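This is my_file_28.csv. It holds CSV, C-alpha atoms (C1' of nucleotides).
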```csv
chain,number,residue,atom,x,y,z
Z,10,MET,CA,12.4,-23.9,-18.3
Z,11,THR,CA,15.8,-23.9,-16.5
Z,12,GLU,CA,15.8,-23.8,-12.8
Z,13,LYS,CA,17.0,-20.4,-11.5
Z,14,GLN,CA,19.1,-20.2,-8.4
Z,15,ALA,CA,17.9,-18.4,-5.3
Z,16,LEU,CA,20.2,-15.7,-4.1
Z,17,ALA,CA,22.2,-16.8,-1.1
Z,18,ARG,CA,23.0,-14.8,2.1
Z,19,ALA,CA,26.4,-13.6,0.8
Z,20,PHE,CA,24.5,-11.6,-1.8
Z,21,PHE,CA,22.8,-9.6,0.9
Z,22,SER,CA,25.7,-9.2,3.3
Z,23,ARG,CA,27.4,-6.6,1.0
Z,24,GLU,CA,27.1,-2.8,1.2
Z,25,THR,CA,23.4,-1.8,1.0
Z,26,ARG,CA,23.5,0.4,-2.1
Z,27,LEU,CA,25.5,-2.3,-4.0
Z,28,VAL,CA,22.8,-4.8,-3.0
Z,29,ALA,CA,20.0,-2.5,-4.1
Z,30,ARG,CA,21.6,-1.9,-7.5
Z,31,ALA,CA,22.3,-5.6,-8.0
Z,32,LEU,CA,18.7,-6.5,-7.1
Z,33,LEU,CA,17.3,-4.6,-10.1
Z,34,GLY,CA,15.9,-7.1,-12.6
Z,35,LYS,CA,16.1,-10.0,-10.1
Z,36,ARG,CA,13.0,-12.2,-9.6
Z,37,LEU,CA,11.0,-11.9,-6.4
Z,38,VAL,CA,9.1,-15.2,-5.9
Z,39,ARG,CA,6.3,-16.0,-3.5
Z,40,LEU,CA,5.1,-19.7,-3.1
Z,41,GLU,CA,1.7,-20.2,-1.6
Z,42,LYS,CA,-0.2,-23.0,0.1
Z,43,GLY,CA,-2.0,-24.7,-2.7
Z,44,GLY,CA,1.0,-24.5,-5.0
Z,45,SER,CA,0.5,-21.2,-6.8
Z,46,ARG,CA,3.7,-19.4,-7.6
Z,47,LEU,CA,3.7,-15.6,-7.8
Z,48,ALA,CA,6.7,-13.7,-9.2
Z,49,GLY,CA,7.9,-10.6,-10.8
Z,50,LEU,CA,11.1,-8.8,-11.7
Z,51,ILE,CA,12.3,-6.0,-9.3
Z,52,THR,CA,12.1,-2.6,-11.1
Z,53,GLU,CA,12.4,-0.2,-8.2
Z,54,ILE,CA,14.3,-0.4,-4.9
Z,55,GLU,CA,15.7,1.9,-2.3
Z,56,ALA,CA,18.6,1.7,0.2
Z,57,TYR,CA,18.3,2.5,3.9
Z,58,VAL,CA,21.6,2.5,5.6
Z,59,GLY,CA,22.3,2.7,9.4
Z,60,SER,CA,21.1,4.9,12.2
Z,61,ASP,CA,23.0,7.9,10.8
Z,62,ASP,CA,20.7,7.8,7.8
Z,63,LEU,CA,17.9,10.1,9.0
Z,64,GLY,CA,15.5,8.6,6.3
Z,65,CYS,CA,16.0,5.1,7.8
Z,66,HIS,CA,13.7,3.7,10.6
Z,67,ALA,CA,16.9,2.8,12.5
Z,68,ARG,CA,17.6,6.6,13.1
Z,69,ALA,CA,15.8,6.4,16.5
Z,70,GLY,CA,17.6,3.2,17.5
Z,71,ARG,CA,16.4,-0.3,17.9
Z,72,THR,CA,12.7,-0.8,18.6
Z,73,ALA,CA,10.3,-3.7,18.5
Z,74,ARG,CA,9.2,-2.6,15.1
Z,75,ASN,CA,12.6,-2.3,13.4
Z,76,ALA,CA,14.3,-5.1,15.2
Z,77,SER,CA,14.6,-7.3,12.0
Z,78,MET,CA,16.7,-4.6,10.4
Z,79,TRP,CA,19.4,-5.0,13.1
Z,80,GLY,CA,19.6,-8.7,12.5
Z,81,PRO,CA,21.6,-10.8,9.9
Z,82,PRO,CA,21.3,-10.2,6.2
Z,83,GLY,CA,18.9,-12.1,3.9
Z,84,TYR,CA,15.9,-11.8,6.2
Z,85,ALA,CA,12.7,-9.9,5.5
Z,86,TYR,CA,11.9,-6.6,7.4
Z,87,VAL,CA,8.2,-6.0,7.0
Z,88,TYR,CA,6.5,-3.1,8.6
Z,89,PHE,CA,3.1,-1.5,8.8
Z,90,THR,CA,2.4,2.2,7.9
Z,91,TYR,CA,-0.4,4.7,7.2
Z,92,GLY,CA,-2.8,2.5,9.1
Z,93,MET,CA,-3.3,0.0,6.3
Z,94,HIS,CA,-0.1,-0.7,4.3
Z,95,TRP,CA,2.7,-3.3,4.6
Z,96,MET,CA,6.2,-2.7,3.1
Z,97,LEU,CA,8.7,-5.4,2.2
Z,98,ASN,CA,12.4,-4.8,2.9
Z,99,ILE,CA,15.4,-7.3,2.7
Z,100,VAL,CA,18.0,-6.9,5.4
Z,101,THR,CA,21.5,-6.1,4.3
Z,102,GLU,CA,25.1,-5.9,5.6
Z,103,GLN,CA,26.3,-7.6,8.8
Z,104,ASP,CA,24.4,-8.8,11.8
Z,105,GLY,CA,24.1,-5.8,14.3
Z,106,PHE,CA,24.2,-3.1,11.6
Z,107,PRO,CA,20.7,-1.8,10.8
Z,108,ALA,CA,20.3,-1.6,7.0
Z,109,ALA,CA,17.9,-2.8,4.4
Z,110,VAL,CA,16.5,-2.4,0.9
Z,111,LEU,CA,12.9,-1.5,0.3
Z,112,ILE,CA,11.4,-3.2,-2.7
Z,113,ARG,CA,9.1,-0.6,-4.2
Z,114,ALA,CA,7.9,-2.3,-7.4
Z,115,ILE,CA,8.1,-5.4,-9.5
Z,116,LYS,CA,7.0,-6.3,-13.0
Z,117,PRO,CA,4.5,-9.1,-12.5
Z,118,LEU,CA,5.2,-12.2,-14.6
Z,119,GLU,CA,3.8,-15.3,-12.8
Z,120,GLY,CA,0.5,-15.8,-10.9
Z,121,LEU,CA,-1.2,-12.8,-12.5
Z,122,GLU,CA,-4.7,-14.2,-11.8
Z,123,VAL,CA,-4.0,-14.6,-8.0
Z,124,MET,CA,-2.5,-11.1,-7.8
Z,125,GLN,CA,-5.5,-9.6,-9.7
Z,126,ALA,CA,-7.9,-11.3,-7.3
Z,127,ARG,CA,-6.1,-9.7,-4.3
Z,128,ARG,CA,-5.9,-6.3,-6.1
Z,129,SER,CA,-9.6,-5.9,-6.9
Z,130,GLY,CA,-9.2,-6.9,-10.5
Z,131,ARG,CA,-6.9,-4.0,-11.3
Z,132,PRO,CA,-5.0,-4.1,-14.7
Z,133,ARG,CA,-1.6,-5.8,-15.0
Z,134,HIS,CA,0.4,-2.6,-14.9
Z,135,ALA,CA,-1.2,-1.6,-11.6
Z,136,LEU,CA,-0.8,-4.9,-9.8
Z,137,THR,CA,2.6,-4.4,-8.2
Z,138,ASP,CA,3.8,-0.9,-9.1
Z,139,GLY,CA,4.1,0.3,-5.5
Z,140,PRO,CA,5.6,-1.0,-2.2
Z,141,ALA,CA,2.2,-1.6,-0.6
Z,142,LYS,CA,0.7,-2.8,-3.8
Z,143,LEU,CA,3.2,-5.6,-4.2
Z,144,CYS,CA,2.7,-6.7,-0.6
Z,145,GLN,CA,-1.0,-6.9,-1.1
Z,146,ALA,CA,-0.6,-8.9,-4.4
Z,147,LEU,CA,1.9,-11.3,-2.9
Z,148,ASN,CA,0.1,-11.7,0.4
Z,149,ILE,CA,3.0,-10.3,2.5
Z,150,ASP,CA,2.2,-8.9,5.9
Z,151,ARG,CA,3.6,-9.0,9.5
Z,152,ARG,CA,3.8,-12.8,9.4
Z,153,MET,CA,6.7,-12.3,7.0
Z,154,ASP,CA,8.7,-10.0,9.3
Z,155,GLY,CA,11.9,-11.7,10.3
Z,156,TYR,CA,11.4,-14.4,7.6
Z,157,ASP,CA,14.6,-16.0,6.3
Z,158,ILE,CA,14.5,-15.6,2.5
Z,159,CYS,CA,17.7,-17.6,2.1
Z,160,GLN,CA,16.5,-20.8,3.8
Z,161,THR,CA,15.9,-23.9,1.7
Z,162,LYS,CA,12.2,-24.4,0.8
Z,163,ALA,CA,11.6,-20.7,1.5
Z,164,SER,CA,8.1,-19.5,0.5
Z,165,LEU,CA,9.6,-16.0,-0.2
Z,166,PHE,CA,12.9,-15.6,-2.0
Z,167,ILE,CA,14.7,-13.9,-4.8
Z,168,GLU,CA,16.0,-15.8,-7.9
Z,169,ASN,CA,19.0,-14.7,-9.9
Z,170,GLU,CA,18.5,-13.1,-13.3
Z,171,PRO,CA,20.8,-11.4,-15.8
Z,172,GLU,CA,22.4,-8.1,-14.7
Z,173,ILE,CA,20.8,-4.9,-15.8
Z,174,PRO,CA,23.1,-2.7,-17.9
Z,175,GLU,CA,24.1,0.6,-16.2
Z,176,THR,CA,22.6,2.6,-19.1
Z,177,LEU,CA,19.1,1.4,-18.2
Z,178,VAL,CA,19.4,2.3,-14.5
Z,179,THR,CA,18.0,5.6,-13.1
Z,180,LYS,CA,19.0,6.9,-9.7
Z,181,THR,CA,16.9,9.4,-7.8
Z,182,PRO,CA,16.2,10.6,-4.3
Z,183,ARG,CA,14.1,8.2,-2.2
Z,184,VAL,CA,10.4,8.6,-2.2
Z,185,GLY,CA,8.2,9.9,0.7
Z,186,LEU,CA,10.9,11.4,2.8
Z,187,ASN,CA,9.5,14.9,2.7
Z,188,HIS,CA,10.2,15.8,6.3
Z,189,VAL,CA,13.6,14.3,6.4
Z,190,PRO,CA,16.6,16.7,6.6
Z,191,GLU,CA,19.2,17.0,4.0
Z,192,PRO,CA,21.4,15.4,2.8
Z,193,TRP,CA,19.3,12.4,3.4
Z,194,LYS,CA,16.1,13.7,1.7
Z,195,SER,CA,17.9,14.2,-1.6
Z,196,ILE,CA,20.6,11.6,-1.6
Z,197,PRO,CA,20.0,9.4,-4.7
Z,198,TRP,CA,19.5,6.0,-3.2
Z,199,ARG,CA,16.5,5.0,-5.2
Z,200,TYR,CA,17.3,2.7,-8.2
Z,201,PHE,CA,14.8,2.3,-11.0
Z,202,VAL,CA,14.6,0.5,-14.3
Z,203,HIS,CA,11.6,1.0,-16.6
Z,204,PRO,CA,9.6,-2.3,-16.8
Z,205,SER,CA,9.5,-2.2,-20.6
Z,206,LYS,CA,13.3,-2.4,-20.7
Z,207,LEU,CA,13.4,-5.7,-18.9
Z,208,LEU,CA,13.7,-8.7,-21.2
Z,209,ASN,CA,10.9,-11.2,-20.6
Z,210,PRO,CA,10.4,-13.1,-23.8
Z,211,ASN,CA,6.6,-13.2,-23.7
Z,212,GLU,CA,6.7,-15.0,-20.4
Z,213,GLU,CA,3.2,-15.4,-19.0
Z,214,GLU,CA,1.1,-17.3,-16.5
Z,215,GLN,CA,2.0,-20.8,-15.6
Z,216,PRO,CA,0.5,-23.4,-17.9
B,28,DA,C1',-3.7,6.1,28.8
B,29,DG,C1',-3.4,9.4,25.2
B,30,DC,C1',-1.6,11.2,21.0
B,31,DA,C1',0.8,12.6,16.6
B,32,DC,C1',2.5,10.6,12.8
B,33,DG,C1',3.8,7.7,8.7
B,34,DA,C1',9.6,4.6,3.3
B,35,DT,C1',1.2,5.0,0.7
B,36,DT,C1',-2.8,4.4,-2.0
B,37,DA,C1',-7.1,5.4,-4.4
B,38,DA,C1',-10.4,8.5,-5.3
B,39,DC,C1',-11.5,12.9,-6.5
B,40,DT,C1',-11.5,18.2,-8.6
J,21,DG,C1',-3.3,18.9,-8.8
J,22,DT,C1',-5.6,17.6,-3.5
J,23,DT,C1',-7.0,14.7,0.3
J,24,DA,C1',-9.3,11.0,3.1
J,25,DA,C1',-8.6,6.5,4.7
J,26,DT,C1',-6.9,4.0,9.0
J,27,DC,C1',-4.2,2.0,13.0
J,28,DG,C1',0.4,0.2,14.8
J,29,DT,C1',4.1,2.2,16.8
J,30,DG,C1',6.8,5.0,19.7
J,31,DC,C1',6.9,8.7,22.6
J,32,DT,C1',5.1,11.7,26.5
J,33,DC,C1',2.3,12.2,30.5
```
Would you put the structure from the file into structure tokens?
Amino acid sequence: MTEKQALARAFFSRETRLVARALLGKRLVRLEKGGSRLAGLITEIEAYVGSDDLGCHARAGRTARNASMWGPPGYAYVYFTYGMHWMLNIVTEQDGFPAAVLIRAIKPLEGLEVMQARRSGRPRHALTDGPAKLCQALNIDRRMDGYDICQTKASLFIENEPEIPETLVTKTPRVGLNHVPEPWKSIPWRYFVHPSKLLNPNEEEQP
DNA sequence: AGCACGATTAACT
DNA sequence: GTTAATCGTGCTC
């Protein structure tokens, strides 16, 4: 198997919607103590752009919670919500500008047994098909907030994969912003590709 | 110190 | 389709 290249900081320093679109199909990788490698291809992602974006946590200014989003690109912004769930974002654009992409779903390919153990034995299709689900499966919580996913020997990073053709990409309004005013509520900054459309030639669990 | 709420999920009718 | 779960966070007093 050829070694894939981890995405460098320059990838994330670009405009947030461009980064979100470009991350579709890329491989989110989690390395754990003990050597297990968990990974999947990104199938759903949203852009949150600046304090003018009233759907973005940065709308109320910089706080202890959202501080990571104001930092340099290529770092994780992980936050807690609904009293029980963690969400994984990757910070985008330049240092000082608050923006990030929320990873909402991946197609699980590596480390399925570990993910299943963390997800109460749920079937493969339900392991990582939601933003809190993938954090649970990949053991991501507040310890990963502010983590540099571009550093060498990172335990959380994103590997390059072939670009997804535009014809396979669906754009919709972002999910869960029901009390956010227009135009932010309906602006189509969610990017989605159906998992079955992603090429993965029978790739399975590590041998 | 108290309180309303949330970029969700799972279970239920 | 509806709703309970569950608590860190940010805001007000």
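One distance worth recording is that between atom CA of Ser195 of chain Z and atom CA of Thr137 of chain Z, which is 25.0 Å.
Pairwise distance (atom CA of Glu102 of chain Z, atom CA of Asn75 of chain Z) equals 15.2 Å.
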Please identify every residue of chain Z that has at least one atom no farther than 12 Å from an atom of chain B, counting only C-alpha atoms (C1' of nucleotides), and for each give the shortest atom pair and the distance in Å to one decimal, arranged by chain then increasing number, as CSV.
```
residue,atom,partner,partner_atom,distance
Z:Ile54,CA,B:DA34,C1',10.7
Z:Glu55,CA,B:DA34,C1',8.7
Z:Ala56,CA,B:DA34,C1',10.0
Z:Tyr57,CA,B:DA34,C1',9.0
Z:Leu63,CA,B:DA34,C1',11.5
Z:Gly64,CA,B:DA34,C1',7.7
Z:Cys65,CA,B:DA34,C1',7.8
Z:His66,CA,B:DA34,C1',8.4
Z:Ala67,CA,B:DA34,C1',11.9
Z:Val87,CA,B:DA34,C1',11.3
Z:Tyr88,CA,B:DA34,C1',9.8
Z:Phe89,CA,B:DG33,C1',9.2
Z:Thr90,CA,B:DG33,C1',5.7
Z:Tyr91,CA,B:DG33,C1',5.4
Z:Gly92,CA,B:DG33,C1',8.4
Z:Met93,CA,B:DT35,C1',8.8
Z:His94,CA,B:DT35,C1',6.9
Z:Trp95,CA,B:DT35,C1',9.3
Z:Met96,CA,B:DA34,C1',8.1
Z:Leu97,CA,B:DA34,C1',10.1
Z:Asn98,CA,B:DA34,C1',9.8
Z:Ala109,CA,B:DA34,C1',11.2
Z:Val110,CA,B:DA34,C1',10.1
Z:Leu111,CA,B:DA34,C1',7.6
Z:Ile112,CA,B:DA34,C1',10.0
Z:Arg113,CA,B:DA34,C1',9.1
Z:Arg128,CA,B:DT36,C1',11.9
Z:Ser129,CA,B:DA37,C1',11.8
Z:Arg131,CA,B:DA37,C1',11.7
Z:Ala135,CA,B:DT36,C1',11.4
Z:Asp138,CA,B:DT36,C1',11.0
Z:Gly139,CA,B:DT35,C1',8.3
Z:Pro140,CA,B:DT35,C1',8.0
Z:Ala141,CA,B:DT35,C1',6.8
Z:Lys142,CA,B:DT36,C1',8.2
Z:Leu143,CA,B:DT35,C1',11.8
Z:Cys144,CA,B:DT35,C1',11.9
Z:Gln145,CA,B:DT36,C1',11.5
Z:Pro182,CA,B:DA34,C1',11.7
Z:Arg183,CA,B:DA34,C1',8.0
Z:Val184,CA,B:DA34,C1',6.8
Z:Gly185,CA,B:DA34,C1',6.1
Z:Leu186,CA,B:DA34,C1',6.9
Z:Asn187,CA,B:DA34,C1',10.3
Z:His188,CA,B:DG33,C1',10.6
Z:Val189,CA,B:DA34,C1',10.9
Z:Lys194,CA,B:DA34,C1',11.3
Z:Trp198,CA,B:DA34,C1',11.9
Z:Arg199,CA,B:DA34,C1',11.0
```
Could you give me, as a tab-separated table, a per-residue list for chain J showing, wherever an atom lies at most 12 Å from an atom of chain Z, the closest pair of atoms and their distance in Å to one decimal, using only C-alpha atoms (C1' of nucleotides) and sorting by chain then residue number from low to high?
```
residue	atom	partner	partner_atom	distance
J:DA24	C1'	Z:Tyr91	CA	11.6
J:DA25	C1'	Z:Gly92	CA	8.3
J:DT26	C1'	Z:Gly92	CA	4.4
J:DC27	C1'	Z:Gly92	CA	4.2
J:DG28	C1'	Z:Phe89	CA	6.8
J:DT29	C1'	Z:Arg74	CA	7.2
J:DG30	C1'	Z:Thr72	CA	8.3
J:DC31	C1'	Z:Ala69	CA	11.0
```
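Atom CA of Arg30 of chain Z is positioned 11.5 Å from atom CA of Leu177 of chain Z.
By chain and then residue number, the residues within 12 Å of Gly120 of chain Z are Val38, Arg39, Leu40, Glu41, Gly44, Ser45, Arg46, Leu47, Ala48, Gly49, Lys116, Pro117, Val123, Met124, Gln125, Ala126, Arg127, Arg133, Leu136, Thr137, Ala146, Leu147, Glu212, Glu213, Glu214, Gln215 and Pro216 of chain Z, counting only C-alpha atoms (C1' of nucleotides) and disregarding those fewer than 3 positions away in sequence.
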What would the file look like if the residues just selected were written as a PDB file, in the coordinates of the input with C-alpha atoms?
```pdb
ATOM      1  CA  VAL Z  38       9.100 -15.200  -5.900  1.00  0.00           C
ATOM      2  CA  ARG Z  39       6.300 -16.000  -3.500  1.00  0.00           C
ATOM      3  CA  LEU Z  40       5.100 -19.700  -3.100  1.00  0.00           C
ATOM      4  CA  GLU Z  41       1.700 -20.200  -1.600  1.00  0.00           C
ATOM      5  CA  GLY Z  44       1.000 -24.500  -5.000  1.00  0.00           C
ATOM      6  CA  SER Z  45       0.500 -21.200  -6.800  1.00  0.00           C
ATOM      7  CA  ARG Z  46       3.700 -19.400  -7.600  1.00  0.00           C
ATOM      8  CA  LEU Z  47       3.700 -15.600  -7.800  1.00  0.00           C
ATOM      9  CA  ALA Z  48       6.700 -13.700  -9.200  1.00  0.00           C
ATOM     10  CA  GLY Z  49       7.900 -10.600 -10.800  1.00  0.00           C
ATOM     11  CA  LYS Z 116       7.000  -6.300 -13.000  1.00  0.00           C
ATOM     12  CA  PRO Z 117       4.500  -9.100 -12.500  1.00  0.00           C
ATOM     13  CA  VAL Z 123      -4.000 -14.600  -8.000  1.00  0.00           C
ATOM     14  CA  MET Z 124      -2.500 -11.100  -7.800  1.00  0.00           C
ATOM     15  CA  GLN Z 125      -5.500  -9.600  -9.700  1.00  0.00           C
ATOM     16  CA  ALA Z 126      -7.900 -11.300  -7.300  1.00  0.00           C
ATOM     17  CA  ARG Z 127      -6.100  -9.700  -4.300  1.00  0.00           C
ATOM     18  CA  ARG Z 133      -1.600  -5.800 -15.000  1.00  0.00           C
ATOM     19  CA  LEU Z 136      -0.800  -4.900  -9.800  1.00  0.00           C
ATOM     20  CA  THR Z 137       2.600  -4.400  -8.200  1.00  0.00           C
ATOM     21  CA  ALA Z 146      -0.600  -8.900  -4.400  1.00  0.00           C
ATOM     22  CA  LEU Z 147       1.900 -11.300  -2.900  1.00  0.00           C
ATOM     23  CA  GLU Z 212       6.700 -15.000 -20.400  1.00  0.00           C
ATOM     24  CA  GLU Z 213       3.200 -15.400 -19.000  1.00  0.00           C
ATOM     25  CA  GLU Z 214       1.100 -17.300 -16.500  1.00  0.00           C
ATOM     26  CA  GLN Z 215       2.000 -20.800 -15.600  1.00  0.00           C
ATOM     27  CA  PRO Z 216       0.500 -23.400 -17.900  1.00  0.00           C
TER      28      PRO Z 216
END
```
Shell around segment 17-25 of chain Z at 9 Å using all atoms listed in the file, local window under 5 positions removed, as a PyMOL selection string: chain Z and resi 30-31+56-58+81-84+99-104+108-110+158-160+167
Generate the coordinates of N, CA and C atoms for segment 174-186 of chain Z; report them as a tab-separated table (two decimals), in the coordinates of the input.
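Output file selection_24.tsv is given in full below:
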```
chain	number	residue	atom	x	y	z
Z	174	PRO	N	22.03	-3.59	-17.48
Z	174	PRO	CA	23.10	-2.70	-17.90
Z	174	PRO	C	22.94	-1.31	-17.22
Z	175	GLU	N	24.09	-0.70	-16.90
Z	175	GLU	CA	24.10	0.60	-16.20
Z	175	GLU	C	23.29	1.66	-16.97
Z	176	THR	N	23.30	1.58	-18.28
Z	176	THR	CA	22.60	2.60	-19.10
Z	176	THR	C	21.11	2.60	-18.89
Z	177	LEU	N	20.57	1.51	-18.36
Z	177	LEU	CA	19.10	1.40	-18.20
Z	177	LEU	C	18.69	1.83	-16.75
Z	178	VAL	N	19.68	2.10	-15.88
Z	178	VAL	CA	19.40	2.30	-14.50
Z	178	VAL	C	19.26	3.85	-14.18
Z	179	THR	N	18.16	4.23	-13.58
Z	179	THR	CA	18.00	5.60	-13.10
Z	179	THR	C	18.10	5.68	-11.62
Z	180	LYS	N	18.84	6.69	-11.13
Z	180	LYS	CA	19.00	6.90	-9.70
Z	180	LYS	C	18.38	8.21	-9.31
Z	181	THR	N	17.54	8.20	-8.29
Z	181	THR	CA	16.90	9.40	-7.80
Z	181	THR	C	16.82	9.43	-6.32
Z	182	PRO	N	16.42	10.56	-5.74
Z	182	PRO	CA	16.20	10.60	-4.30
Z	182	PRO	C	15.09	9.57	-3.91
Z	183	ARG	N	15.13	9.13	-2.65
Z	183	ARG	CA	14.10	8.20	-2.20
Z	183	ARG	C	12.77	8.89	-2.04
Z	184	VAL	N	11.72	8.09	-2.18
Z	184	VAL	CA	10.40	8.60	-2.20
Z	184	VAL	C	9.76	8.70	-0.82
Z	185	GLY	N	9.02	9.78	-0.56
Z	185	GLY	CA	8.20	9.90	0.70
Z	185	GLY	C	8.96	10.36	1.88
Z	186	LEU	N	10.13	10.95	1.70
Z	186	LEU	CA	10.90	11.40	2.80
Z	186	LEU	C	10.81	12.96	2.94
```
